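As stored in input.pdb (PDB, C-alpha atoms):
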ATOM      1  CA  MET A 240     -19.140  49.246  42.300
ATOM      2  CA  THR A 241     -21.549  46.459  41.463
ATOM      3  CA  LEU A 242     -22.058  43.483  43.736
ATOM      4  CA  VAL A 243     -21.256  40.241  41.911
ATOM      5  CA  LEU A 244     -22.238  36.743  43.021
ATOM      6  CA  ARG A 245     -20.196  33.845  41.699
ATOM      7  CA  ALA A 246     -19.241  30.299  42.524
ATOM      8  CA  ALA A 247     -16.276  30.273  44.863
ATOM      9  CA  THR A 248     -12.932  29.041  43.557
ATOM     10  CA  PRO A 249     -10.131  27.461  45.604
ATOM     11  CA  LEU A 250      -8.456  30.886  45.719
ATOM     12  CA  ASP A 251     -11.463  32.194  47.712
ATOM     13  CA  ALA A 252     -10.789  29.849  50.639
ATOM     14  CA  GLY A 253      -8.494  32.378  52.296
ATOM     15  CA  SER A 254     -11.020  35.214  52.133
ATOM     16  CA  ALA A 255     -13.939  33.038  53.232
ATOM     17  CA  GLY A 256     -11.870  31.473  56.008
ATOM     18  CA  GLU A 257     -10.817  34.893  57.271
ATOM     19  CA  ILE A 258     -14.467  36.018  57.357
ATOM     20  CA  LEU A 259     -15.426  32.906  59.334
ATOM     21  CA  TYR A 260     -12.448  33.220  61.678
ATOM     22  CA  ARG A 261     -13.079  36.920  62.327
ATOM     23  CA  PHE A 262     -16.698  36.163  63.241
ATOM     24  CA  GLN A 263     -15.515  33.609  65.776
ATOM     25  CA  GLN A 264     -12.876  35.912  67.234
ATOM     26  CA  ASP A 265     -14.948  39.095  67.284
ATOM     27  CA  THR A 266     -18.184  37.630  68.652
ATOM     28  CA  GLU A 267     -18.093  37.732  72.426
ATOM     29  CA  TRP A 268     -20.421  34.769  73.029
ATOM     30  CA  MET A 269     -18.793  32.530  70.405
ATOM     31  CA  PRO A 270     -16.382  29.851  71.696
ATOM     32  CA  LYS A 271     -12.895  30.175  70.202
ATOM     33  CA  LEU A 272     -12.590  26.618  68.865
ATOM     34  CA  TYR A 273     -10.663  26.996  65.603
ATOM     35  CA  THR A 274      -7.464  28.560  64.350
ATOM     36  CA  SER A 275      -7.383  30.761  61.278
ATOM     37  CA  ALA A 276      -5.782  27.925  59.303
ATOM     38  CA  GLU A 277      -8.565  25.539  60.340
ATOM     39  CA  ALA A 278     -11.227  28.041  59.245
ATOM     40  CA  VAL A 279      -9.523  28.425  55.853
ATOM     41  CA  ALA A 280      -9.260  24.622  55.464
ATOM     42  CA  PHE A 281     -12.940  24.208  56.361
ATOM     43  CA  CYS A 282     -13.967  26.819  53.799
ATOM     44  CA  GLY A 283     -11.699  25.142  51.247
ATOM     45  CA  LEU A 284     -13.496  21.845  51.854
ATOM     46  CA  MET A 285     -16.914  23.455  51.318
ATOM     47  CA  ILE A 286     -15.602  25.149  48.158
ATOM     48  CA  ASP A 287     -14.217  21.842  46.857
ATOM     49  CA  ARG A 288     -17.662  20.306  47.361
ATOM     50  CA  GLY A 289     -19.204  23.064  45.206
ATOM     51  CA  TRP A 290     -21.313  24.467  48.033
ATOM     52  CA  VAL A 291     -20.023  28.049  48.204
ATOM     53  CA  THR A 292     -21.163  31.244  46.501
ATOM     54  CA  VAL A 293     -19.257  34.439  47.206
ATOM     55  CA  ALA A 294     -20.449  38.035  47.041
ATOM     56  CA  VAL A 295     -17.727  40.265  45.605
ATOM     57  CA  ARG A 296     -17.540  44.018  45.163
ATOM     58  CA  GLY A 297     -14.468  45.113  43.241
ATOM     59  CA  ARG A 298     -11.817  42.647  44.361
ATOM     60  CA  ARG A 299     -13.142  42.237  47.912
ATOM     61  CA  VAL A 300     -15.133  39.204  49.043
ATOM     62  CA  LEU A 301     -17.923  40.693  51.170
ATOM     63  CA  GLY A 302     -19.430  37.397  52.203
ATOM     64  CA  PHE A 303     -20.208  33.825  51.351
ATOM     65  CA  LEU A 304     -23.023  31.312  51.526
ATOM     66  CA  ALA A 305     -22.483  27.549  51.623
ATOM     67  CA  ARG A 306     -25.460  25.396  50.635
ATOM     68  CA  ASP A 307     -25.744  21.626  50.486
ATOM     69  CA  GLY A 308     -29.066  20.948  48.785
ATOM     70  CA  ALA A 309     -31.770  22.513  50.961
ATOM     71  CA  GLU A 310     -29.417  23.169  53.892
ATOM     72  CA  VAL A 311     -27.742  26.543  54.231
ATOM     73  CA  CYS A 312     -24.596  25.430  56.053
ATOM     74  CA  ALA A 313     -23.053  28.885  56.413
ATOM     75  CA  LEU A 314     -23.792  32.516  55.654
ATOM     76  CA  TYR A 315     -21.160  34.975  56.843
ATOM     77  CA  LEU A 316     -20.282  38.553  55.965
ATOM     78  CA  ALA A 317     -16.981  40.376  56.300
ATOM     79  CA  GLN A 318     -16.584  43.062  58.934
ATOM     80  CA  GLY A 319     -18.227  46.244  57.702
ATOM     81  CA  ALA A 320     -20.264  44.451  55.017
ATOM     82  CA  CYS A 321     -23.566  44.226  56.920
ATOM     83  CA  GLY A 322     -26.289  46.394  55.466
ATOM     84  CA  GLN A 323     -24.756  46.531  51.970
ATOM     85  CA  GLY A 324     -27.046  43.927  50.384
ATOM     86  CA  ALA A 325     -24.553  41.070  50.140
ATOM     87  CA  GLY A 326     -26.324  38.792  52.632
ATOM     88  CA  LYS A 327     -29.727  39.326  51.031
ATOM     89  CA  ALA A 328     -28.298  38.782  47.543
ATOM     90  CA  LEU A 329     -26.633  35.523  48.605
ATOM     91  CA  LEU A 330     -29.826  34.303  50.256
ATOM     92  CA  ASP A 331     -31.972  35.355  47.260
ATOM     93  CA  ALA A 332     -29.680  33.329  44.966
ATOM     94  CA  ALA A 333     -30.047  30.294  47.243
ATOM     95  CA  LYS A 334     -33.835  30.735  47.232
ATOM     96  CA  ALA A 335     -33.830  30.875  43.422
ATOM     97  CA  ALA A 336     -31.916  27.579  43.316
ATOM     98  CA  ALA A 337     -34.032  25.607  45.795
ATOM     99  CA  PRO A 338     -37.762  25.513  46.604
ATOM    100  CA  ARG A 339     -37.022  25.002  50.305
ATOM    101  CA  LEU A 340     -34.164  26.063  52.570
ATOM    102  CA  VAL A 341     -33.325  25.094  56.139
ATOM    103  CA  LEU A 342     -30.696  26.676  58.351
ATOM    104  CA  HIS A 343     -29.591  26.921  61.955
ATOM    105  CA  THR A 344     -28.453  29.986  63.839
ATOM    106  CA  PHE A 345     -27.334  30.399  67.403
ATOM    107  CA  ALA A 346     -29.959  31.676  69.833
ATOM    108  CA  ALA A 347     -27.473  34.349  70.916
ATOM    109  CA  ASN A 348     -27.251  35.671  67.345
ATOM    110  CA  THR A 349     -30.273  37.960  67.464
ATOM    111  CA  ARG A 350     -29.070  39.985  64.473
ATOM    112  CA  ALA A 351     -29.119  36.863  62.281
ATOM    113  CA  GLN A 352     -32.538  35.895  63.601
ATOM    114  CA  ARG A 353     -34.002  39.275  62.625
ATOM    115  CA  PHE A 354     -32.370  39.032  59.184
ATOM    116  CA  TYR A 355     -33.747  35.538  58.476
ATOM    117  CA  GLN A 356     -37.219  36.499  59.653
ATOM    118  CA  ARG A 357     -37.181  39.547  57.326
ATOM    119  CA  GLN A 358     -36.219  37.190  54.493
ATOM    120  CA  GLY A 359     -39.301  35.014  55.048
ATOM    121  CA  PHE A 360     -37.831  32.265  57.224
ATOM    122  CA  ALA A 361     -39.964  30.807  60.014
ATOM    123  CA  GLU A 362     -38.715  29.166  63.178
ATOM    124  CA  THR A 363     -39.308  25.419  63.155
ATOM    125  CA  GLY A 364     -37.368  24.229  66.192
ATOM    126  CA  ARG A 365     -34.870  24.876  68.950
ATOM    127  CA  GLY A 366     -31.958  22.917  70.311
ATOM    128  CA  ASP A 367     -30.016  23.092  73.561
ATOM    129  CA  GLY A 368     -26.581  22.986  71.924
ATOM    130  CA  ALA A 369     -26.013  19.251  72.310
ATOM    131  CA  SER A 370     -26.003  18.787  68.523
ATOM    132  CA  ASN A 371     -23.412  21.448  67.575
ATOM    133  CA  GLU A 372     -19.665  21.653  68.188
ATOM    134  CA  GLU A 373     -19.966  25.007  69.930
ATOM    135  CA  GLY A 374     -22.404  23.668  72.544
ATOM    136  CA  LEU A 375     -24.649  26.715  72.066
ATOM    137  CA  PRO A 376     -28.452  26.745  71.933
ATOM    138  CA  ALA A 377     -29.611  27.062  68.333
ATOM    139  CA  ILE A 378     -32.757  27.841  66.371
ATOM    140  CA  THR A 379     -33.794  26.081  63.162
ATOM    141  CA  TYR A 380     -35.425  28.173  60.448
ATOM    142  CA  GLU A 381     -37.132  27.121  57.242
ATOM    143  CA  TRP A 382     -38.159  28.947  54.090
ATOM    144  CA  ARG A 383     -40.414  27.596  51.342
ATOM    145  CA  SER A 384     -41.127  29.105  47.964
ATOM    146  CA  CYS A 385     -44.721  29.989  47.192
ATOM    147  CA  GLN A 386     -44.950  26.965  44.873
ATOM    148  CA  GLU A 387     -43.536  24.647  47.551
ATOM    149  CA  ALA A 388     -45.873  26.034  50.212
ATOM    150  CA  VAL A 389     -49.024  25.193  48.208
ATOM    151  CA  ALA A 390     -47.843  21.784  46.967
TER
END
When written as structure tokens, how does the structure in this file appear?
Amino acid sequence: MTLVLRAATPLDAGSAGEILYRFQQDTEWMPKLYTSAEAVAFCGLMIDRGWVTVAVRGRRVLGFLARDGAEVCALYLAQGACGQGAGKALLDAAKAAAPRLVLHTFAANTRAQRFYQRQGFAETGRGDGASNEEGLPAITYEWRSCQEAVA
């Protein structure tokens, strides 16, 4: 089946929230700060703001990306969806829509770091966790289009 990217609708909040919640629950180093209902509500808020694109194959949401201008606020994939092209497709769509992107990932998330580096992102800073709810050290990455880089 073909991978389809589309703007998220309010009905996608449950799927996106479940993806976010499962990441929190299944990641050993991640603090367990939110309930499933809170994750769904948070995703619903981002969807209502028009920030979210979902990657769908068949009827299954494989992942989502939330972007507010140049900031990638969230990029999460469902369990078993890594390596199927959904994350790259979501990020490529965000790159096509903005000449510059900035995002943060936790220092413990080495898989995400490798992914972002492969996608052309460069590290621009580090934080000790004081500026995020989880209290975890984080890394800031930035990507610029070729046109943006020479301007």
Segment 330-336 of chain A: axis-aligned bounding box, 8 Å on each side, centre and edge lengths in Å, one decimal, as lines of an AutoDock Vina configuration file:
center_x = -31.8
center_y = 31.5
center_z = 46.8
size_x = 20.2
size_y = 23.8
size_z = 22.9
| field | Residue list as a list in words for point (-26.5, 25.0, 50.5), cut-off 10 Å, only C-alpha atoms | value | Met285, Gly289, Trp290, Val291, Thr292, Leu304, Ala305, Arg306, Asp307, Gly308, Ala309, Glu310, Val311, Cys312, Ala313, Leu314, Leu330, Ala333, Lys334, Ala336, Ala337, Leu340, Val341 and Leu342 of chain A
Determine, counting only C-alpha atoms, every residue of protein, DNA or RNA that lies within 12 Å of (-27.3, 33.9, 60.3) in the file coordinates, then give the result as a tab-separated table (two decimals) with C-alpha atoms, in the frame of the given file.
chain	number	residue	atom	x	y	z
A	259	LEU	CA	-15.43	32.91	59.33
A	262	PHE	CA	-16.70	36.16	63.24
A	302	GLY	CA	-19.43	37.40	52.20
A	303	PHE	CA	-20.21	33.83	51.35
A	304	LEU	CA	-23.02	31.31	51.53
A	305	ALA	CA	-22.48	27.55	51.62
A	311	VAL	CA	-27.74	26.54	54.23
A	312	CYS	CA	-24.60	25.43	56.05
A	313	ALA	CA	-23.05	28.88	56.41
A	314	LEU	CA	-23.79	32.52	55.65
A	315	TYR	CA	-21.16	34.98	56.84
A	316	LEU	CA	-20.28	38.55	55.96
A	321	CYS	CA	-23.57	44.23	56.92
A	326	GLY	CA	-26.32	38.79	52.63
A	327	LYS	CA	-29.73	39.33	51.03
A	329	LEU	CA	-26.63	35.52	48.60
A	330	LEU	CA	-29.83	34.30	50.26
A	341	VAL	CA	-33.33	25.09	56.14
A	342	LEU	CA	-30.70	26.68	58.35
A	343	HIS	CA	-29.59	26.92	61.96
A	344	THR	CA	-28.45	29.99	63.84
A	345	PHE	CA	-27.33	30.40	67.40
A	346	ALA	CA	-29.96	31.68	69.83
A	347	ALA	CA	-27.47	34.35	70.92
A	348	ASN	CA	-27.25	35.67	67.34
A	349	THR	CA	-30.27	37.96	67.46
A	350	ARG	CA	-29.07	39.98	64.47
A	351	ALA	CA	-29.12	36.86	62.28
A	352	GLN	CA	-32.54	35.90	63.60
A	353	ARG	CA	-34.00	39.28	62.62
A	354	PHE	CA	-32.37	39.03	59.18
A	355	TYR	CA	-33.75	35.54	58.48
A	356	GLN	CA	-37.22	36.50	59.65
A	357	ARG	CA	-37.18	39.55	57.33
A	358	GLN	CA	-36.22	37.19	54.49
A	360	PHE	CA	-37.83	32.26	57.22
A	377	ALA	CA	-29.61	27.06	68.33
A	378	ILE	CA	-32.76	27.84	66.37
A	379	THR	CA	-33.79	26.08	63.16
A	380	TYR	CA	-35.42	28.17	60.45
| message | Between atom CA of Arg296 of chain A and atom CA of Gly319 of chain A, what distance in Å does the model show, to one decimal? | response | 12.8 Å
| field | d(atom CA of Ser254 of chain A, atom CA of Val293 of chain A) in Å | value | 9.6 Å
| message | Given only C-alpha atoms as the basis, pick out the residue of A:Glu257, A:Glu373, A:Asp367, A:Leu301 nearest to Ala280 of chain A. | response |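 Once distances to Ala280 of chain A are computed over only C-alpha atoms, the minimum belongs to A:Glu257.
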| field | Pairwise distance for atom CA of Ala317 of chain A and atom CA of Met240 of chain A, rounded to one decimal in Å | value |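 Taking atom CA of Ala317 of chain A and atom CA of Met240 of chain A, their separation equals 16.7 Å.
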| Nearest candidate to Asp331 of chain A (options A:Tyr260, A:Tyr273, A:Trp382, A:Trp268; using only C-alpha atoms) |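 Residue with the minimum atom-to-atom distance to Asp331 of chain A: A:Trp382.
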Pick out the residues sitting within 12 Å of Leu272 of chain A, and hand them over as a PDB file with C-alpha atoms, keeping the file's coordinate frame; count all atoms listed in the file, and ignore anything fewer than 2 positions along from it in its own chain.
ATOM      1  CA  LEU A 259     -15.426  32.906  59.334  1.00  0.00           C
ATOM      2  CA  TYR A 260     -12.448  33.220  61.678  1.00  0.00           C
ATOM      3  CA  PHE A 262     -16.698  36.163  63.241  1.00  0.00           C
ATOM      4  CA  GLN A 263     -15.515  33.609  65.776  1.00  0.00           C
ATOM      5  CA  GLN A 264     -12.876  35.912  67.234  1.00  0.00           C
ATOM      6  CA  MET A 269     -18.793  32.530  70.405  1.00  0.00           C
ATOM      7  CA  PRO A 270     -16.382  29.851  71.696  1.00  0.00           C
ATOM      8  CA  THR A 274      -7.464  28.560  64.350  1.00  0.00           C
ATOM      9  CA  SER A 275      -7.383  30.761  61.278  1.00  0.00           C
ATOM     10  CA  ALA A 276      -5.782  27.925  59.303  1.00  0.00           C
ATOM     11  CA  GLU A 277      -8.565  25.539  60.340  1.00  0.00           C
ATOM     12  CA  ALA A 278     -11.227  28.041  59.245  1.00  0.00           C
ATOM     13  CA  GLU A 372     -19.665  21.653  68.188  1.00  0.00           C
ATOM     14  CA  GLU A 373     -19.966  25.007  69.930  1.00  0.00           C
ATOM     15  CA  GLY A 374     -22.404  23.668  72.544  1.00  0.00           C
TER      16      GLY A 374
END
| message | Considering only C-alpha atoms, can you say which of A:Gly366, A:Thr241, A:Gly256, A:Ser384 comes closest to Val279 of chain A? | response |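 The answer is A:Gly256, which sits nearest to Val279 of chain A.
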| Using only C-alpha atoms, which of A:Gly359, A:Ala325, A:Thr266, A:Gly283 sits nearest Val295 of chain A? |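 Under the stated criterion, the closest residue is A:Ala325.
Checking A:Arg365, A:Arg339, A:Arg299, A:Arg288 one by one against Leu242 of chain A, counting only C-alpha atoms, you find the shortest gap at A:Arg299.
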| said: From the options A:Glu267, A:Thr363, A:Arg298, A:Ala320, which residue's atoms come nearest to Val243 of chain A, counting only C-alpha atoms? | reply: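 Among A:Glu267, A:Thr363, A:Arg298, A:Ala320, it is A:Arg298 that comes nearest to Val243 of chain A.
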Could you give me segment 349-368 of chain A completed to N, CA, C and O atoms, formatted as an mmCIF file, keeping the file's coordinate frame?
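What landed in part15.cif:
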data_model
loop_
_atom_site.group_PDB
_atom_site.id
_atom_site.type_symbol
_atom_site.label_atom_id
_atom_site.label_comp_id
_atom_site.auth_asym_id
_atom_site.auth_seq_id
_atom_site.Cartn_x
_atom_site.Cartn_y
_atom_site.Cartn_z
ATOM 1 N N THR A 349 -28.984 37.306 67.712
ATOM 2 C CA THR A 349 -30.273 37.960 67.464
ATOM 3 C C THR A 349 -30.279 38.746 66.153
ATOM 4 O O THR A 349 -31.321 38.852 65.506
ATOM 5 N N ARG A 350 -29.140 39.259 65.746
ATOM 6 C CA ARG A 350 -29.070 39.985 64.473
ATOM 7 C C ARG A 350 -29.394 39.049 63.304
ATOM 8 O O ARG A 350 -30.147 39.409 62.400
ATOM 9 N N ALA A 351 -28.834 37.848 63.331
ATOM 10 C CA ALA A 351 -29.119 36.863 62.281
ATOM 11 C C ALA A 351 -30.582 36.455 62.309
ATOM 12 O O ALA A 351 -31.215 36.323 61.255
ATOM 13 N N GLN A 352 -31.130 36.274 63.502
ATOM 14 C CA GLN A 352 -32.538 35.895 63.601
ATOM 15 C C GLN A 352 -33.437 36.936 62.941
ATOM 16 O O GLN A 352 -34.337 36.583 62.164
ATOM 17 N N ARG A 353 -33.193 38.207 63.240
ATOM 18 C CA ARG A 353 -34.002 39.275 62.625
ATOM 19 C C ARG A 353 -33.848 39.265 61.102
ATOM 20 O O ARG A 353 -34.829 39.421 60.371
ATOM 21 N N PHE A 354 -32.627 39.071 60.624
ATOM 22 C CA PHE A 354 -32.370 39.032 59.184
ATOM 23 C C PHE A 354 -33.158 37.893 58.535
ATOM 24 O O PHE A 354 -33.862 38.107 57.539
ATOM 25 N N TYR A 355 -33.056 36.683 59.078
ATOM 26 C CA TYR A 355 -33.747 35.538 58.476
ATOM 27 C C TYR A 355 -35.262 35.715 58.514
ATOM 28 O O TYR A 355 -35.958 35.377 57.552
ATOM 29 N N GLN A 356 -35.773 36.258 59.578
ATOM 30 C CA GLN A 356 -37.219 36.499 59.653
ATOM 31 C C GLN A 356 -37.657 37.509 58.593
ATOM 32 O O GLN A 356 -38.696 37.326 57.946
ATOM 33 N N ARG A 357 -36.859 38.566 58.380
ATOM 34 C CA ARG A 357 -37.181 39.547 57.326
ATOM 35 C C ARG A 357 -37.148 38.900 55.940
ATOM 36 O O ARG A 357 -37.840 39.347 55.030
ATOM 37 N N GLN A 358 -36.346 37.851 55.790
ATOM 38 C CA GLN A 358 -36.219 37.190 54.493
ATOM 39 C C GLN A 358 -37.240 36.062 54.306
ATOM 40 O O GLN A 358 -37.155 35.292 53.360
ATOM 41 N N GLY A 359 -38.208 35.966 55.205
ATOM 42 C CA GLY A 359 -39.301 35.014 55.048
ATOM 43 C C GLY A 359 -39.083 33.661 55.699
ATOM 44 O O GLY A 359 -39.880 32.742 55.491
ATOM 45 N N PHE A 360 -38.068 33.525 56.522
ATOM 46 C CA PHE A 360 -37.831 32.265 57.224
ATOM 47 C C PHE A 360 -38.685 32.215 58.483
ATOM 48 O O PHE A 360 -38.902 33.231 59.141
ATOM 49 N N ALA A 361 -39.166 31.012 58.810
ATOM 50 C CA ALA A 361 -39.964 30.807 60.014
ATOM 51 C C ALA A 361 -39.247 29.818 60.921
ATOM 52 O O ALA A 361 -38.653 28.834 60.448
ATOM 53 N N GLU A 362 -39.319 30.075 62.207
ATOM 54 C CA GLU A 362 -38.715 29.166 63.178
ATOM 55 C C GLU A 362 -39.463 27.844 63.187
ATOM 56 O O GLU A 362 -40.689 27.819 63.233
ATOM 57 N N THR A 363 -38.686 26.741 63.137
ATOM 58 C CA THR A 363 -39.308 25.419 63.155
ATOM 59 C C THR A 363 -38.821 24.553 64.314
ATOM 60 O O THR A 363 -39.329 23.455 64.507
ATOM 61 N N GLY A 364 -37.834 25.022 65.059
ATOM 62 C CA GLY A 364 -37.368 24.229 66.192
ATOM 63 C C GLY A 364 -36.243 24.913 66.940
ATOM 64 O O GLY A 364 -35.657 25.889 66.455
ATOM 65 N N ARG A 365 -35.962 24.372 68.113
ATOM 66 C CA ARG A 365 -34.870 24.876 68.950
ATOM 67 C C ARG A 365 -34.102 23.701 69.512
ATOM 68 O O ARG A 365 -34.666 22.644 69.769
ATOM 69 N N GLY A 366 -32.806 23.938 69.707
ATOM 70 C CA GLY A 366 -31.958 22.917 70.311
ATOM 71 C C GLY A 366 -31.175 23.503 71.465
ATOM 72 O O GLY A 366 -30.955 24.718 71.533
ATOM 73 N N ASP A 367 -30.722 22.639 72.365
ATOM 74 C CA ASP A 367 -30.016 23.092 73.561
ATOM 75 C C ASP A 367 -28.504 23.197 73.389
ATOM 76 O O ASP A 367 -27.795 23.528 74.328
ATOM 77 N N GLY A 368 -28.015 22.912 72.184
ATOM 78 C CA GLY A 368 -26.581 22.986 71.924
ATOM 79 C C GLY A 368 -25.897 21.631 71.916
ATOM 80 O O GLY A 368 -24.721 21.528 71.567
#
